[in-house]
>>> print(open('final-v3.cif').read())   # mmCIF, N, CA, C and O atoms
data_data
loop_
_atom_site.label_atom_id
_atom_site.label_comp_id
_atom_site.auth_asym_id
_atom_site.auth_seq_id
_atom_site.Cartn_x
_atom_site.Cartn_y
_atom_site.Cartn_z
N MET M 1 19.87 12.07 -10.42
CA MET M 1 19.32 13.41 -10.42
C MET M 1 19.69 14.12 -9.11
O MET M 1 19.66 13.51 -8.06
N LEU M 2 20.00 15.38 -9.19
CA LEU M 2 20.45 16.11 -8.01
C LEU M 2 19.33 16.59 -7.12
O LEU M 2 19.57 17.00 -6.01
N MET M 3 18.09 16.55 -7.59
CA MET M 3 16.99 17.10 -6.81
C MET M 3 16.91 16.48 -5.43
O MET M 3 16.74 17.16 -4.45
N LYS M 4 17.05 15.19 -5.33
CA LYS M 4 16.97 14.52 -4.02
C LYS M 4 17.98 15.12 -3.06
O LYS M 4 17.65 15.45 -1.94
N LEU M 5 19.20 15.26 -3.52
CA LEU M 5 20.25 15.77 -2.65
C LEU M 5 20.00 17.23 -2.28
O LEU M 5 20.24 17.64 -1.16
N ARG M 6 19.49 18.01 -3.19
CA ARG M 6 19.30 19.43 -2.94
C ARG M 6 18.16 19.68 -1.94
O ARG M 6 18.31 20.51 -1.05
N ILE M 7 17.04 18.99 -2.08
CA ILE M 7 15.96 19.25 -1.13
C ILE M 7 16.33 18.76 0.26
O ILE M 7 15.95 19.37 1.25
N ARG M 8 17.09 17.69 0.32
CA ARG M 8 17.54 17.22 1.63
C ARG M 8 18.56 18.20 2.21
O ARG M 8 18.49 18.55 3.39
N ASP M 9 19.50 18.64 1.39
CA ASP M 9 20.52 19.59 1.86
C ASP M 9 19.88 20.89 2.35
O ASP M 9 20.27 21.42 3.39
N LEU M 10 18.91 21.40 1.60
CA LEU M 10 18.24 22.63 2.02
C LEU M 10 17.53 22.45 3.36
O LEU M 10 17.58 23.32 4.22
N ARG M 11 16.87 21.31 3.50
CA ARG M 11 16.17 21.02 4.77
C ARG M 11 17.16 20.95 5.92
O ARG M 11 16.96 21.55 6.98
N GLU M 12 18.25 20.23 5.72
CA GLU M 12 19.25 20.08 6.78
C GLU M 12 19.96 21.41 7.07
O GLU M 12 20.24 21.70 8.23
N ASP M 13 20.24 22.20 6.03
CA ASP M 13 20.87 23.51 6.23
C ASP M 13 19.99 24.42 7.08
O ASP M 13 20.49 25.27 7.82
N ALA M 14 18.67 24.24 6.96
CA ALA M 14 17.73 25.05 7.74
C ALA M 14 17.46 24.44 9.12
O ALA M 14 16.64 24.95 9.87
N ASP M 15 18.17 23.35 9.43
CA ASP M 15 17.99 22.64 10.70
C ASP M 15 16.53 22.23 10.92
O ASP M 15 15.99 22.38 12.02
N LEU M 16 15.91 21.73 9.86
CA LEU M 16 14.53 21.26 9.94
C LEU M 16 14.48 19.75 9.81
O LEU M 16 15.27 19.15 9.07
N THR M 17 13.56 19.15 10.52
CA THR M 17 13.31 17.72 10.35
C THR M 17 12.31 17.55 9.22
O THR M 17 11.64 18.51 8.80
N GLN M 18 12.18 16.34 8.73
CA GLN M 18 11.17 16.07 7.71
C GLN M 18 9.78 16.41 8.26
O GLN M 18 8.95 16.98 7.54
N LYS M 19 9.54 16.08 9.51
CA LYS M 19 8.25 16.36 10.12
C LYS M 19 7.95 17.86 10.11
O LYS M 19 6.84 18.30 9.80
N GLU M 20 8.95 18.68 10.46
CA GLU M 20 8.75 20.12 10.47
C GLU M 20 8.46 20.67 9.07
O GLU M 20 7.60 21.53 8.90
N VAL M 21 9.16 20.16 8.07
CA VAL M 21 8.91 20.59 6.70
C VAL M 21 7.50 20.23 6.27
O VAL M 21 6.78 21.05 5.69
N THR M 22 7.08 19.03 6.59
CA THR M 22 5.75 18.60 6.17
C THR M 22 4.64 19.37 6.88
O THR M 22 3.56 19.53 6.32
N GLU M 23 4.89 19.87 8.05
CA GLU M 23 3.90 20.70 8.73
C GLU M 23 3.79 22.07 8.07
O GLU M 23 2.74 22.69 8.11
N LEU M 24 4.86 22.52 7.44
CA LEU M 24 4.86 23.82 6.78
C LEU M 24 4.32 23.75 5.34
O LEU M 24 3.89 24.75 4.80
N LEU M 25 4.33 22.56 4.73
CA LEU M 25 3.93 22.47 3.32
C LEU M 25 2.43 22.60 3.07
O LEU M 25 2.09 23.39 2.20
N PRO M 26 1.52 21.94 3.58
CA PRO M 26 1.47 20.68 4.33
C PRO M 26 1.62 19.48 3.39
O PRO M 26 1.25 19.54 2.23
N CYS M 27 2.15 18.42 3.96
CA CYS M 27 2.40 17.19 3.20
C CYS M 27 2.61 16.07 4.21
O CYS M 27 3.02 16.32 5.33
N ASP M 28 2.33 14.87 3.81
CA ASP M 28 2.56 13.71 4.66
C ASP M 28 4.06 13.44 4.76
O ASP M 28 4.78 13.50 3.76
N ARG M 29 4.57 13.14 5.96
CA ARG M 29 6.00 12.92 6.14
C ARG M 29 6.51 11.75 5.33
O ARG M 29 7.60 11.82 4.75
N LEU M 30 5.77 10.68 5.26
CA LEU M 30 6.23 9.52 4.49
C LEU M 30 6.33 9.84 3.01
O LEU M 30 7.26 9.41 2.33
N LEU M 31 5.39 10.63 2.51
CA LEU M 31 5.44 11.05 1.11
C LEU M 31 6.63 11.95 0.86
O LEU M 31 7.37 11.79 -0.11
N TYR M 32 6.86 12.90 1.77
CA TYR M 32 8.01 13.79 1.62
C TYR M 32 9.32 13.00 1.63
O TYR M 32 10.23 13.27 0.85
N SER M 33 9.40 12.01 2.48
CA SER M 33 10.59 11.17 2.54
C SER M 33 10.84 10.49 1.20
O SER M 33 11.98 10.37 0.74
N LYS M 34 9.76 10.10 0.54
CA LYS M 34 9.89 9.47 -0.79
C LYS M 34 10.37 10.48 -1.82
O LYS M 34 11.10 10.13 -2.74
N TYR M 35 9.98 11.75 -1.67
CA TYR M 35 10.50 12.79 -2.58
C TYR M 35 12.00 12.92 -2.41
O TYR M 35 12.74 13.00 -3.39
N GLU M 36 12.48 12.94 -1.16
CA GLU M 36 13.91 13.08 -0.93
C GLU M 36 14.69 11.89 -1.48
O GLU M 36 15.82 12.06 -1.93
N ARG M 37 14.10 10.72 -1.45
CA ARG M 37 14.77 9.51 -1.95
C ARG M 37 14.47 9.24 -3.43
O ARG M 37 14.91 8.24 -3.97
N GLU M 38 13.72 10.15 -4.05
CA GLU M 38 13.32 10.03 -5.45
C GLU M 38 12.53 8.77 -5.74
O GLU M 38 12.59 8.22 -6.83
N GLU M 39 11.76 8.32 -4.77
CA GLU M 39 10.88 7.18 -4.98
C GLU M 39 9.55 7.64 -5.57
O GLU M 39 8.79 6.82 -6.07
N ARG M 40 9.26 8.94 -5.45
CA ARG M 40 8.06 9.55 -6.02
C ARG M 40 8.48 10.84 -6.70
O ARG M 40 9.35 11.56 -6.18
N PRO M 41 7.90 11.17 -7.84
CA PRO M 41 8.22 12.46 -8.48
C PRO M 41 7.69 13.62 -7.63
O PRO M 41 6.64 13.51 -7.01
N LEU M 42 8.44 14.68 -7.61
CA LEU M 42 8.08 15.86 -6.84
C LEU M 42 7.12 16.72 -7.67
O LEU M 42 7.51 17.24 -8.72
N PRO M 43 5.87 16.86 -7.23
CA PRO M 43 4.92 17.68 -7.99
C PRO M 43 5.37 19.14 -8.04
O PRO M 43 5.99 19.65 -7.10
N LEU M 44 5.04 19.81 -9.13
CA LEU M 44 5.44 21.20 -9.30
C LEU M 44 4.94 22.08 -8.16
O LEU M 44 5.69 22.90 -7.63
N GLU M 45 3.71 21.89 -7.74
CA GLU M 45 3.16 22.71 -6.65
C GLU M 45 3.98 22.54 -5.36
O GLU M 45 4.27 23.50 -4.67
N THR M 46 4.38 21.31 -5.06
CA THR M 46 5.20 21.05 -3.88
C THR M 46 6.59 21.64 -4.05
O THR M 46 7.16 22.20 -3.11
N ALA M 47 7.14 21.55 -5.26
CA ALA M 47 8.46 22.13 -5.53
C ALA M 47 8.43 23.64 -5.32
O ALA M 47 9.35 24.22 -4.72
N ILE M 48 7.36 24.28 -5.77
CA ILE M 48 7.23 25.73 -5.59
C ILE M 48 7.14 26.07 -4.11
O ILE M 48 7.79 27.00 -3.63
N ARG M 49 6.36 25.29 -3.36
CA ARG M 49 6.26 25.54 -1.92
C ARG M 49 7.60 25.36 -1.22
O ARG M 49 7.96 26.13 -0.33
N LEU M 50 8.34 24.33 -1.62
CA LEU M 50 9.66 24.10 -1.02
C LEU M 50 10.63 25.23 -1.38
O LEU M 50 11.40 25.69 -0.53
N ALA M 51 10.59 25.68 -2.62
CA ALA M 51 11.45 26.79 -3.04
C ALA M 51 11.12 28.04 -2.23
O ALA M 51 12.03 28.75 -1.77
N ASN M 52 9.83 28.31 -2.05
CA ASN M 52 9.43 29.46 -1.24
C ASN M 52 9.86 29.31 0.22
O ASN M 52 10.34 30.26 0.84
N LEU M 53 9.69 28.11 0.74
CA LEU M 53 10.07 27.84 2.13
C LEU M 53 11.56 28.12 2.36
O LEU M 53 11.94 28.74 3.35
N HIS M 54 12.38 27.67 1.42
CA HIS M 54 13.83 27.80 1.57
C HIS M 54 14.38 29.07 0.93
O HIS M 54 15.59 29.30 0.95
N ARG M 55 13.47 29.86 0.33
CA ARG M 55 13.86 31.12 -0.31
C ARG M 55 14.94 30.91 -1.38
O ARG M 55 15.98 31.58 -1.39
N VAL M 56 14.67 29.95 -2.25
CA VAL M 56 15.56 29.67 -3.38
C VAL M 56 14.70 29.61 -4.64
O VAL M 56 13.48 29.52 -4.58
N THR M 57 15.36 29.64 -5.79
CA THR M 57 14.64 29.48 -7.05
C THR M 57 14.38 28.00 -7.30
O THR M 57 15.00 27.13 -6.67
N LEU M 58 13.49 27.72 -8.23
CA LEU M 58 13.25 26.32 -8.60
C LEU M 58 14.52 25.70 -9.17
O LEU M 58 14.80 24.52 -8.94
N ASP M 59 15.29 26.48 -9.93
CA ASP M 59 16.56 25.96 -10.46
C ASP M 59 17.49 25.54 -9.33
O ASP M 59 18.12 24.49 -9.39
N ASP M 60 17.57 26.36 -8.28
CA ASP M 60 18.40 26.00 -7.13
C ASP M 60 17.87 24.74 -6.44
O ASP M 60 18.64 23.89 -6.01
N LEU M 61 16.57 24.65 -6.35
CA LEU M 61 15.94 23.51 -5.67
C LEU M 61 16.31 22.19 -6.34
O LEU M 61 16.57 21.21 -5.68
N VAL M 62 16.35 22.20 -7.67
CA VAL M 62 16.62 20.95 -8.39
C VAL M 62 18.09 20.81 -8.77
O VAL M 62 18.47 19.90 -9.49
N GLY M 63 18.93 21.72 -8.28
CA GLY M 63 20.37 21.59 -8.52
C GLY M 63 20.80 22.02 -9.89
O GLY M 63 21.86 21.64 -10.37
N ARG M 64 19.99 22.82 -10.57
CA ARG M 64 20.33 23.28 -11.91
C ARG M 64 21.30 24.45 -11.81
O ARG M 64 21.07 25.42 -11.10
N SER M 65 22.40 24.35 -12.52
CA SER M 65 23.44 25.38 -12.47
C SER M 65 23.13 26.51 -13.44
O SER M 65 22.76 26.28 -14.59
N GLU M 66 23.31 27.72 -12.98
CA GLU M 66 23.10 28.90 -13.83
C GLU M 66 24.14 28.96 -14.93
O GLU M 66 23.88 29.38 -16.03
N LYS M 67 25.34 28.51 -14.63
CA LYS M 67 26.45 28.59 -15.59
C LYS M 67 26.25 27.63 -16.77
O LYS M 67 26.48 27.98 -17.90
N THR M 68 25.86 26.41 -16.47
CA THR M 68 25.76 25.40 -17.52
C THR M 68 24.36 25.25 -18.05
O THR M 68 24.16 24.66 -19.11
N GLY M 69 23.37 25.74 -17.33
CA GLY M 69 22.00 25.55 -17.75
C GLY M 69 21.52 24.13 -17.53
O GLY M 69 20.48 23.71 -18.01
N ARG M 70 22.29 23.36 -16.79
CA ARG M 70 21.94 21.95 -16.52
C ARG M 70 21.74 21.74 -15.04
O ARG M 70 22.26 22.32 -14.22
#
>>> encode(input="final-v3.cif", output="structure tokens")
Amino acid sequence: MLMKLRIRDLREDADLTQKEVTELLPCDRLLYSKYEREERPLPLETAIRLANLHRVTLDDLVGRSEKTGR
């Protein structure tokens, strides 16, 4: 699944550490790390907060392409 790569890429593109992201969510850093590694499912509420934080759509957040719908 591309979601792991996309949330990590967005965080790194914004020059944010996991700790900084979790302070803005709020969320525990260890839990957020598990979201990036896909060890825990990303709750919709957290996905929405991350999309708002990075100013992207939910489709962008999870790596869904507008062209293919996948």
>>> resolve_selection(input="final-v3.cif", expression="the PyMOL selection byres ((chain M and resi 40-55) around 8)", output="VMD selection string")
chain M and resid 7 10 to 11 14 21 24 to 26 31 to 39 56 to 62
>>> atom_distance(input="final-v3.cif", atom1="atom N of Arg64 (chain M)", atom2="CA of Arg6 (chain M)")
8.4 Å
>>> axis_aligned_box(input="final-v3.cif", around="region 56-59 of chain M", padding_each_side="5 Å", output="lines of an AutoDock Vina configuration file")
center_x = 15.7
center_y = 27.2
center_z = -6.4
size_x = 14.9
size_y = 15.5
size_z = 18.2
>>> atom_distance(input="final-v3.cif", atom1="atom N of Arg8 (chain M)", atom2="CA of Gly63 (chain M)")
10.2 Å
>>> select_by_dssp(input="final-v3.cif", residues="chain M", states="alpha helix (DSSP H)", output="ChimeraX atom specification")
/M:3-13,18-24,29-36,44-54,58-61
>>> atom_distance(input="final-v3.cif", atom1="atom C of Gln18 (chain M)", atom2="CA of Leu5 (chain M)")
15.1 Å
